[in-house]
file query18.cif (mmCIF, C-alpha atoms)
data_upload
loop_
_atom_site.label_atom_id
_atom_site.label_comp_id
_atom_site.auth_asym_id
_atom_site.auth_seq_id
_atom_site.Cartn_x
_atom_site.Cartn_y
_atom_site.Cartn_z
CA MET Q 241 18.75 -17.41 -4.46
CA ALA Q 242 20.54 -14.28 -3.29
CA LEU Q 243 20.95 -13.25 0.33
CA ARG Q 244 18.06 -11.26 1.81
CA LEU Q 245 18.37 -9.40 5.08
CA PHE Q 246 15.35 -7.85 6.78
CA LEU Q 247 15.32 -5.33 9.61
CA ASP Q 248 13.09 -6.66 12.39
CA SER Q 249 11.66 -3.46 13.81
CA ALA Q 250 8.54 -1.30 13.83
CA ASP Q 251 10.48 1.76 15.03
CA PRO Q 252 10.75 4.52 12.39
CA HIS Q 253 13.89 5.82 14.12
CA ALA Q 254 15.59 2.45 13.54
CA TRP Q 255 14.44 2.54 9.91
CA GLN Q 256 15.98 5.99 9.51
CA GLU Q 257 19.26 4.76 10.98
CA TRP Q 258 19.61 1.47 9.10
CA LEU Q 259 17.64 1.43 5.86
CA PRO Q 260 19.81 4.02 4.05
CA SER Q 261 22.74 1.59 4.47
CA GLY Q 262 21.40 -0.55 1.63
CA LEU Q 263 21.90 -3.73 3.67
CA PHE Q 264 18.25 -4.59 3.95
CA HIS Q 265 15.88 -6.07 1.38
CA GLY Q 266 12.98 -5.15 3.61
CA VAL Q 267 11.43 -4.75 7.04
CA THR Q 268 9.53 -7.23 9.18
CA THR Q 269 7.05 -6.19 11.84
CA ASN Q 270 4.41 -7.79 14.05
CA PRO Q 271 2.05 -6.64 16.83
CA THR Q 272 4.71 -7.30 19.49
CA LEU Q 273 7.24 -5.08 17.72
CA LEU Q 274 4.59 -2.40 17.23
CA CYS Q 275 3.90 -2.46 20.97
CA ARG Q 276 7.61 -2.16 21.79
CA ALA Q 277 7.88 0.84 19.48
CA ALA Q 278 4.81 2.47 21.08
CA GLN Q 279 2.92 2.14 17.79
CA THR Q 280 -0.78 1.34 17.59
CA CYS Q 281 -1.68 -1.90 15.83
CA SER Q 282 -4.43 -0.41 13.66
CA LEU Q 283 -4.97 -0.28 9.93
CA ASP Q 284 -4.78 3.52 9.88
CA ASN Q 285 -1.47 3.59 11.73
CA LEU Q 286 -0.03 0.75 9.67
CA ALA Q 287 -0.91 2.68 6.51
CA ALA Q 288 1.12 5.64 7.76
CA LEU Q 289 3.99 3.43 8.92
CA SER Q 290 4.02 1.57 5.61
CA ALA Q 291 4.38 4.81 3.67
CA THR Q 292 7.32 5.77 5.89
CA ALA Q 293 9.07 2.40 5.61
CA LEU Q 294 8.60 2.09 1.86
CA SER Q 295 9.86 5.64 1.30
CA HIS Q 296 13.30 4.32 2.24
CA GLY Q 297 13.33 2.24 -0.96
CA ILE Q 298 13.00 -1.23 0.53
CA ALA Q 299 11.61 -3.99 -1.67
CA GLU Q 300 9.27 -5.57 0.89
CA LEU Q 301 7.45 -4.77 4.09
CA HIS Q 302 6.01 -7.64 6.15
CA LEU Q 303 2.84 -6.80 8.10
CA GLN Q 304 0.95 -9.26 10.28
CA ALA Q 305 -2.80 -9.75 9.86
CA TRP Q 306 -5.10 -10.41 12.80
CA GLY Q 307 -8.69 -11.41 13.45
CA PRO Q 308 -10.58 -13.93 15.60
CA SER Q 309 -12.14 -15.70 12.60
CA PRO Q 310 -10.85 -16.68 9.15
CA ALA Q 311 -13.14 -14.12 7.50
CA GLU Q 312 -11.94 -11.29 9.75
CA MET Q 313 -8.29 -12.24 9.38
CA LEU Q 314 -8.69 -12.44 5.60
CA GLY Q 315 -10.33 -9.02 5.51
CA CYS Q 316 -7.47 -7.55 7.54
CA ALA Q 317 -4.90 -9.28 5.32
CA GLU Q 318 -6.49 -7.91 2.15
CA GLN Q 319 -6.47 -4.38 3.53
CA LEU Q 320 -2.82 -4.69 4.52
CA ALA Q 321 -1.81 -6.02 1.11
CA ALA Q 322 -3.68 -3.17 -0.58
CA LEU Q 323 -1.46 -0.59 1.16
CA ALA Q 324 1.26 -1.25 -1.43
CA PRO Q 325 0.39 -4.09 -3.82
CA GLY Q 326 3.39 -6.24 -4.63
CA ARG Q 327 5.51 -4.77 -1.85
CA ILE Q 328 3.57 -6.00 1.20
CA ALA Q 329 3.98 -9.58 2.41
CA VAL Q 330 1.18 -10.56 4.78
CA LYS Q 331 2.30 -12.43 7.87
CA LEU Q 332 0.04 -15.17 9.22
CA PRO Q 333 0.54 -17.59 12.13
CA VAL Q 334 1.14 -21.14 10.95
CA THR Q 335 -2.17 -22.34 12.42
CA ARG Q 336 -5.19 -23.91 10.72
CA GLN Q 337 -6.82 -20.51 10.50
CA GLY Q 338 -3.65 -18.92 9.18
CA ALA Q 339 -3.30 -21.69 6.60
CA ALA Q 340 -6.88 -21.19 5.40
CA VAL Q 341 -6.30 -17.47 4.96
CA GLY Q 342 -2.91 -18.06 3.35
CA ARG Q 343 -4.48 -20.37 0.78
CA VAL Q 344 -6.85 -17.63 -0.35
CA LEU Q 345 -4.13 -14.97 -0.42
CA GLY Q 346 -1.83 -17.21 -2.42
CA ARG Q 347 -4.49 -17.74 -5.06
CA ARG Q 348 -4.78 -13.98 -5.36
CA GLY Q 349 -1.04 -13.54 -5.84
CA ILE Q 350 -0.45 -11.90 -2.46
CA PRO Q 351 2.89 -12.87 -0.84
CA VAL Q 352 2.45 -14.77 2.42
CA THR Q 353 4.87 -15.16 5.30
CA PHE Q 354 3.91 -17.84 7.78
CA THR Q 355 5.25 -16.94 11.19
CA ALA Q 356 5.68 -18.36 14.70
CA CYS Q 357 7.20 -21.57 13.30
CA TYR Q 358 8.52 -23.84 16.06
CA GLU Q 359 8.40 -27.34 14.56
CA VAL Q 360 10.24 -28.85 11.60
CA HIS Q 361 7.09 -30.32 10.09
CA GLN Q 362 5.42 -26.90 9.97
CA VAL Q 363 7.50 -25.91 6.96
CA LEU Q 364 5.57 -28.50 4.96
CA VAL Q 365 2.43 -26.40 5.44
CA ALA Q 366 4.18 -23.43 3.85
CA ALA Q 367 5.50 -25.63 1.04
CA ALA Q 368 2.10 -27.16 0.33
CA LEU Q 369 0.41 -23.77 0.17
CA GLY Q 370 3.12 -22.11 -1.90
CA ALA Q 371 3.95 -19.42 0.65
CA THR Q 372 6.78 -17.02 -0.04
CA TYR Q 373 8.36 -17.29 3.42
CA ILE Q 374 8.09 -19.16 6.71
CA ALA Q 375 9.78 -17.75 9.80
CA PRO Q 376 11.17 -20.06 12.49
CA TYR Q 377 12.04 -18.48 15.84
CA LEU Q 378 15.56 -19.71 16.52
CA GLY Q 379 16.09 -17.98 19.85
CA ARG Q 380 12.69 -18.94 21.21
CA ILE Q 381 13.20 -22.58 20.21
CA ASN Q 382 16.44 -22.49 22.20
CA ASP Q 383 14.51 -20.98 25.11
CA GLN Q 384 12.40 -24.14 25.20
CA GLY Q 385 15.55 -26.15 25.93
CA ARG Q 386 15.80 -27.48 22.39
CA ASP Q 387 18.62 -27.26 19.84
CA GLY Q 388 17.25 -24.41 17.76
CA MET Q 389 20.17 -24.38 15.38
CA ALA Q 390 19.79 -28.06 14.50
CA GLU Q 391 16.03 -27.74 14.10
CA VAL Q 392 16.18 -24.67 11.84
CA ILE Q 393 18.79 -26.39 9.67
CA ALA Q 394 16.50 -29.45 9.53
CA MET Q 395 13.70 -27.17 8.32
CA GLN Q 396 15.93 -25.95 5.51
CA ARG Q 397 16.81 -29.51 4.53
CA CYS Q 398 13.12 -30.41 4.56
CA LEU Q 399 12.28 -27.60 2.12
CA GLU Q 400 15.17 -28.58 -0.11
CA GLY Q 401 14.08 -32.21 0.04
CA VAL Q 402 10.65 -31.46 -1.42
CA GLY Q 403 12.02 -28.97 -3.95
CA SER Q 404 10.13 -26.05 -2.41
CA SER Q 405 10.81 -22.43 -3.33
CA VAL Q 406 9.69 -21.24 0.12
CA ARG Q 407 12.35 -19.10 1.77
CA LEU Q 408 13.13 -19.98 5.37
CA LEU Q 409 13.17 -16.58 7.05
CA ALA Q 410 15.26 -17.16 10.16
CA ALA Q 411 14.05 -14.97 13.02
CA SER Q 412 14.80 -14.44 16.70
CA LEU Q 413 18.54 -14.42 16.08
CA ARG Q 414 20.61 -13.13 18.99
CA GLN Q 415 24.26 -13.43 17.96
CA PRO Q 416 26.19 -12.77 14.74
CA GLY Q 417 27.60 -16.28 14.94
CA GLU Q 418 24.11 -17.72 14.51
CA LEU Q 419 23.73 -15.81 11.27
CA SER Q 420 26.99 -17.09 9.84
CA GLU Q 421 26.39 -20.68 10.98
CA LEU Q 422 22.97 -20.78 9.36
CA ALA Q 423 24.35 -19.21 6.19
CA GLY Q 424 26.97 -21.94 6.08
CA ALA Q 425 24.16 -24.49 6.24
CA GLY Q 426 22.45 -23.00 3.20
CA LEU Q 427 20.02 -20.45 4.64
CA ASN Q 428 19.95 -17.13 2.81
CA THR Q 429 17.10 -15.15 4.38
CA PHE Q 430 17.27 -13.54 7.82
CA THR Q 431 15.48 -10.91 9.85
CA ILE Q 432 17.61 -9.21 12.48
CA SER Q 433 17.13 -6.56 15.14
CA PRO Q 434 18.85 -3.17 14.93
CA GLU Q 435 21.05 -4.26 17.83
CA LEU Q 436 22.23 -7.35 15.95
CA ALA Q 437 22.78 -5.24 12.83
CA ALA Q 438 25.16 -3.07 14.83
CA GLU Q 439 27.02 -6.16 16.02
CA LEU Q 440 27.75 -7.12 12.41
CA PHE Q 441 30.11 -4.13 12.36
CA SER Q 442 31.59 -4.83 15.79
CA SER Q 443 35.22 -5.83 15.32
CA GLY Q 444 38.01 -4.31 17.35
CA ALA Q 445 40.61 -5.37 14.80
CA THR Q 446 38.70 -3.78 11.94
CA ALA Q 447 38.21 -0.56 13.91
CA ALA Q 448 41.93 -0.42 14.70
CA ALA Q 449 42.89 -1.06 11.08
CA SER Q 450 40.49 1.63 9.89
CA ALA Q 451 41.92 4.14 12.35
CA GLN Q 452 45.44 3.28 11.18
CA PHE Q 453 44.44 3.81 7.55
CA GLU Q 454 43.18 7.29 8.45
CA LEU Q 455 46.38 8.17 10.28
CA GLU Q 456 48.57 7.01 7.41
CA ALA Q 457 46.41 8.77 4.84
CA GLN Q 458 47.09 12.06 6.63
CA SER Q 459 50.82 11.54 7.11
#

call {"tool": "encode", "arguments": {"input": "query18.cif", "output": "structure tokens"}}
result
Amino acid sequence: MALRLFLDSADPHAWQEWLPSGLFHGVTTNPTLLCRAAQTCSLDNLAALSATALSHGIAELHLQAWGPSPAEMLGCAEQLAALAPGRIAVKLPVTRQGAAVGRVLGRRGIPVTFTACYEVHQVLVAAALGATYIAPYLGRINDQGRDGMAEVIAMQRCLEGVGSSVRLLAASLRQPGELSELAGAGLNTFTISPELAAELFSSGATAAASAQFELEAQS
């Protein structure tokens, strides 16, 4: 499966800056990112934001459903998916309620991304339900004093071991080196912040070589 990069942001200004680059397969959002971007987490606002994000030509937009009961979460999920059928992946927490909603969405052909994955065994839930993605939080696992890198790689091995097509969508990455190390271990799907995207182009040697090329081209 080919590499997929997602931009982890709900900020339209970041979309404008990065999506024209062609680097990103899609955009991932959640209520926390909406709050950081001073965006209201409402269906009306998400409809407007979705139109903006998808106008940049991305293949997928991940929106998180919410609701205190399975029925309310399912209703929210269905409304989110209807904003752009086939291009919206509905994010659900990997909880019993999220799993119940994900089962229904999967039967209806709606892509599901299970999120807030912290434990290796949780990927088996995504595999059993035929989800499209499951997103482990590498940085936050590290924050718990655990070896996030080893555990995310173990998740990938677990999915490979059962022959699952679920993509492990590595999230909460904080350094470019984490991206390359996980890629070397077989992961091919990542969501990264605009700040980390900028760091992918941060190389003093490359900048110096580029400047030299320009000087010599004008000589």

call {"tool": "atom_distance", "arguments": {"input": "query18.cif", "atom1": "atom CA of Q:Val365", "atom2": "atom CA of Q:Pro333"}}
result
11.2 Å

call {"tool": "closest_residue", "arguments": {"input": "query18.cif", "among": "Q:Arg336, Q:Gly307, Q:Glu439, Q:Leu320", "to": "Q:Leu286", "atoms": "all atoms listed in the file"}}
result
Q:Leu320

call {"tool": "atom_distance", "arguments": {"input": "query18.cif", "atom1": "atom CA of Q:Asn270", "atom2": "atom CA of Q:Gln337"}}
result
17.3 Å

call {"tool": "closest_residue", "arguments": {"input": "query18.cif", "among": "Q:Leu427, Q:Ala451, Q:Ala394, Q:Ala329", "to": "Q:His302", "atoms": "only C-alpha atoms"}}
result
Q:Ala329

call {"tool": "resolve_selection", "arguments": {"input": "query18.cif", "expression": "the PyMOL selection byres ((chain Q and resi 318) around 10)", "output": "PDB file with C-alpha atoms, in the frame of the given file"}}
result
ATOM      1  CA  ALA Q 305      -2.800  -9.750   9.860  1.00  0.00           C
ATOM      2  CA  GLU Q 312     -11.940 -11.290   9.750  1.00  0.00           C
ATOM      3  CA  MET Q 313      -8.290 -12.240   9.380  1.00  0.00           C
ATOM      4  CA  LEU Q 314      -8.690 -12.440   5.600  1.00  0.00           C
ATOM      5  CA  GLY Q 315     -10.330  -9.020   5.510  1.00  0.00           C
ATOM      6  CA  CYS Q 316      -7.470  -7.550   7.540  1.00  0.00           C
ATOM      7  CA  ALA Q 317      -4.900  -9.280   5.320  1.00  0.00           C
ATOM      8  CA  GLN Q 319      -6.470  -4.380   3.530  1.00  0.00           C
ATOM      9  CA  LEU Q 320      -2.820  -4.690   4.520  1.00  0.00           C
ATOM     10  CA  ALA Q 321      -1.810  -6.020   1.110  1.00  0.00           C
ATOM     11  CA  ALA Q 322      -3.680  -3.170  -0.580  1.00  0.00           C
ATOM     12  CA  LEU Q 323      -1.460  -0.590   1.160  1.00  0.00           C
ATOM     13  CA  PRO Q 325       0.390  -4.090  -3.820  1.00  0.00           C
ATOM     14  CA  VAL Q 330       1.180 -10.560   4.780  1.00  0.00           C
ATOM     15  CA  VAL Q 341      -6.300 -17.470   4.960  1.00  0.00           C
ATOM     16  CA  LEU Q 345      -4.130 -14.970  -0.420  1.00  0.00           C
ATOM     17  CA  ARG Q 348      -4.780 -13.980  -5.360  1.00  0.00           C
ATOM     18  CA  ILE Q 350      -0.450 -11.900  -2.460  1.00  0.00           C
TER      19      ILE Q 350
END

call {"tool": "build_atoms", "arguments": {"input": "query18.cif", "residues": "stretch 243-254 of chain Q", "atoms": "all heavy atoms", "output": "PDB file, keeping the file's coordinate frame"}}
result
ATOM      1  N   LEU Q 243      21.154 -13.583  -1.080  1.00  0.00           N
ATOM      2  CA  LEU Q 243      20.950 -13.250   0.330  1.00  0.00           C
ATOM      3  C   LEU Q 243      19.915 -12.138   0.477  1.00  0.00           C
ATOM      4  O   LEU Q 243      19.936 -11.146  -0.259  1.00  0.00           O
ATOM      5  CB  LEU Q 243      22.280 -12.789   0.930  1.00  0.00           C
ATOM      6  CG  LEU Q 243      22.236 -12.232   2.357  1.00  0.00           C
ATOM      7  CD1 LEU Q 243      21.898 -13.332   3.345  1.00  0.00           C
ATOM      8  CD2 LEU Q 243      23.561 -11.578   2.707  1.00  0.00           C
ATOM      9  N   ARG Q 244      19.011 -12.301   1.446  1.00  0.00           N
ATOM     10  CA  ARG Q 244      18.060 -11.260   1.810  1.00  0.00           C
ATOM     11  C   ARG Q 244      18.127 -11.026   3.307  1.00  0.00           C
ATOM     12  O   ARG Q 244      17.939 -11.963   4.089  1.00  0.00           O
ATOM     13  CB  ARG Q 244      16.632 -11.632   1.408  1.00  0.00           C
ATOM     14  CG  ARG Q 244      16.374 -11.610  -0.079  1.00  0.00           C
ATOM     15  CD  ARG Q 244      14.908 -11.880  -0.399  1.00  0.00           C
ATOM     16  NE  ARG Q 244      14.693 -11.971  -1.842  1.00  0.00           N
ATOM     17  CZ  ARG Q 244      13.534 -12.248  -2.426  1.00  0.00           C
ATOM     18  NH1 ARG Q 244      12.466 -12.475  -1.671  1.00  0.00           N
ATOM     19  NH2 ARG Q 244      13.441 -12.312  -3.736  1.00  0.00           N
ATOM     20  N   LEU Q 245      18.405  -9.794   3.679  1.00  0.00           N
ATOM     21  CA  LEU Q 245      18.370  -9.400   5.080  1.00  0.00           C
ATOM     22  C   LEU Q 245      17.176  -8.476   5.295  1.00  0.00           C
ATOM     23  O   LEU Q 245      16.911  -7.582   4.479  1.00  0.00           O
ATOM     24  CB  LEU Q 245      19.649  -8.654   5.472  1.00  0.00           C
ATOM     25  CG  LEU Q 245      20.953  -9.448   5.473  1.00  0.00           C
ATOM     26  CD1 LEU Q 245      22.111  -8.529   5.836  1.00  0.00           C
ATOM     27  CD2 LEU Q 245      20.886 -10.623   6.425  1.00  0.00           C
ATOM     28  N   PHE Q 246      16.470  -8.696   6.396  1.00  0.00           N
ATOM     29  CA  PHE Q 246      15.350  -7.850   6.780  1.00  0.00           C
ATOM     30  C   PHE Q 246      15.661  -7.227   8.132  1.00  0.00           C
ATOM     31  O   PHE Q 246      16.291  -7.852   8.984  1.00  0.00           O
ATOM     32  CB  PHE Q 246      14.061  -8.657   6.882  1.00  0.00           C
ATOM     33  CG  PHE Q 246      13.524  -9.128   5.559  1.00  0.00           C
ATOM     34  CD1 PHE Q 246      13.997 -10.299   4.981  1.00  0.00           C
ATOM     35  CD2 PHE Q 246      12.534  -8.412   4.894  1.00  0.00           C
ATOM     36  CE1 PHE Q 246      13.500 -10.743   3.758  1.00  0.00           C
ATOM     37  CE2 PHE Q 246      12.031  -8.838   3.679  1.00  0.00           C
ATOM     38  CZ  PHE Q 246      12.513 -10.010   3.108  1.00  0.00           C
ATOM     39  N   LEU Q 247      15.203  -5.990   8.321  1.00  0.00           N
ATOM     40  CA  LEU Q 247      15.320  -5.330   9.610  1.00  0.00           C
ATOM     41  C   LEU Q 247      14.058  -5.626  10.412  1.00  0.00           C
ATOM     42  O   LEU Q 247      12.948  -5.301   9.976  1.00  0.00           O
ATOM     43  CB  LEU Q 247      15.497  -3.824   9.424  1.00  0.00           C
ATOM     44  CG  LEU Q 247      15.791  -3.026  10.690  1.00  0.00           C
ATOM     45  CD1 LEU Q 247      17.148  -3.426  11.276  1.00  0.00           C
ATOM     46  CD2 LEU Q 247      15.748  -1.530  10.406  1.00  0.00           C
ATOM     47  N   ASP Q 248      14.223  -6.237  11.564  1.00  0.00           N
ATOM     48  CA  ASP Q 248      13.090  -6.660  12.390  1.00  0.00           C
ATOM     49  C   ASP Q 248      12.774  -5.557  13.393  1.00  0.00           C
ATOM     50  O   ASP Q 248      13.246  -5.565  14.531  1.00  0.00           O
ATOM     51  CB  ASP Q 248      13.461  -7.964  13.105  1.00  0.00           C
ATOM     52  CG  ASP Q 248      12.245  -8.722  13.624  1.00  0.00           C
ATOM     53  OD1 ASP Q 248      11.184  -8.633  12.990  1.00  0.00           O
ATOM     54  OD2 ASP Q 248      12.380  -9.420  14.647  1.00  0.00           O
ATOM     55  N   SER Q 249      11.964  -4.603  12.953  1.00  0.00           N
ATOM     56  CA  SER Q 249      11.660  -3.460  13.810  1.00  0.00           C
ATOM     57  C   SER Q 249      10.456  -2.710  13.277  1.00  0.00           C
ATOM     58  O   SER Q 249      10.263  -2.600  12.065  1.00  0.00           O
ATOM     59  CB  SER Q 249      12.869  -2.505  13.857  1.00  0.00           C
ATOM     60  OG  SER Q 249      12.551  -1.320  14.557  1.00  0.00           O
ATOM     61  N   ALA Q 250       9.662  -2.178  14.200  1.00  0.00           N
ATOM     62  CA  ALA Q 250       8.540  -1.300  13.830  1.00  0.00           C
ATOM     63  C   ALA Q 250       8.821   0.136  14.266  1.00  0.00           C
ATOM     64  O   ALA Q 250       7.904   0.952  14.326  1.00  0.00           O
ATOM     65  CB  ALA Q 250       7.253  -1.807  14.478  1.00  0.00           C
ATOM     66  N   ASP Q 251      10.087   0.440  14.537  1.00  0.00           N
ATOM     67  CA  ASP Q 251      10.480   1.760  15.030  1.00  0.00           C
ATOM     68  C   ASP Q 251      10.993   2.618  13.872  1.00  0.00           C
ATOM     69  O   ASP Q 251      12.047   2.322  13.297  1.00  0.00           O
ATOM     70  CB  ASP Q 251      11.581   1.593  16.076  1.00  0.00           C
ATOM     71  CG  ASP Q 251      12.001   2.912  16.701  1.00  0.00           C
ATOM     72  OD1 ASP Q 251      11.548   3.974  16.238  1.00  0.00           O
ATOM     73  OD2 ASP Q 251      12.808   2.876  17.647  1.00  0.00           O
ATOM     74  N   PRO Q 252      10.291   3.672  13.497  1.00  0.00           N
ATOM     75  CA  PRO Q 252      10.750   4.520  12.390  1.00  0.00           C
ATOM     76  C   PRO Q 252      12.140   5.109  12.597  1.00  0.00           C
ATOM     77  O   PRO Q 252      12.848   5.382  11.621  1.00  0.00           O
ATOM     78  CB  PRO Q 252       9.679   5.629  12.331  1.00  0.00           C
ATOM     79  CG  PRO Q 252       8.446   4.994  12.895  1.00  0.00           C
ATOM     80  CD  PRO Q 252       8.964   4.099  13.992  1.00  0.00           C
ATOM     81  N   HIS Q 253      12.537   5.307  13.864  1.00  0.00           N
ATOM     82  CA  HIS Q 253      13.890   5.820  14.120  1.00  0.00           C
ATOM     83  C   HIS Q 253      14.942   4.788  13.708  1.00  0.00           C
ATOM     84  O   HIS Q 253      15.998   5.136  13.154  1.00  0.00           O
ATOM     85  CB  HIS Q 253      14.043   6.178  15.592  1.00  0.00           C
ATOM     86  CG  HIS Q 253      13.136   7.280  16.045  1.00  0.00           C
ATOM     87  ND1 HIS Q 253      13.237   8.575  15.582  1.00  0.00           N
ATOM     88  CD2 HIS Q 253      12.077   7.269  16.895  1.00  0.00           C
ATOM     89  CE1 HIS Q 253      12.299   9.327  16.142  1.00  0.00           C
ATOM     90  NE2 HIS Q 253      11.584   8.554  16.941  1.00  0.00           N
ATOM     91  N   ALA Q 254      14.672   3.511  13.973  1.00  0.00           N
ATOM     92  CA  ALA Q 254      15.590   2.450  13.540  1.00  0.00           C
ATOM     93  C   ALA Q 254      15.622   2.362  12.024  1.00  0.00           C
ATOM     94  O   ALA Q 254      16.676   2.124  11.422  1.00  0.00           O
ATOM     95  CB  ALA Q 254      15.173   1.116  14.155  1.00  0.00           C
TER      96      ALA Q 254
END
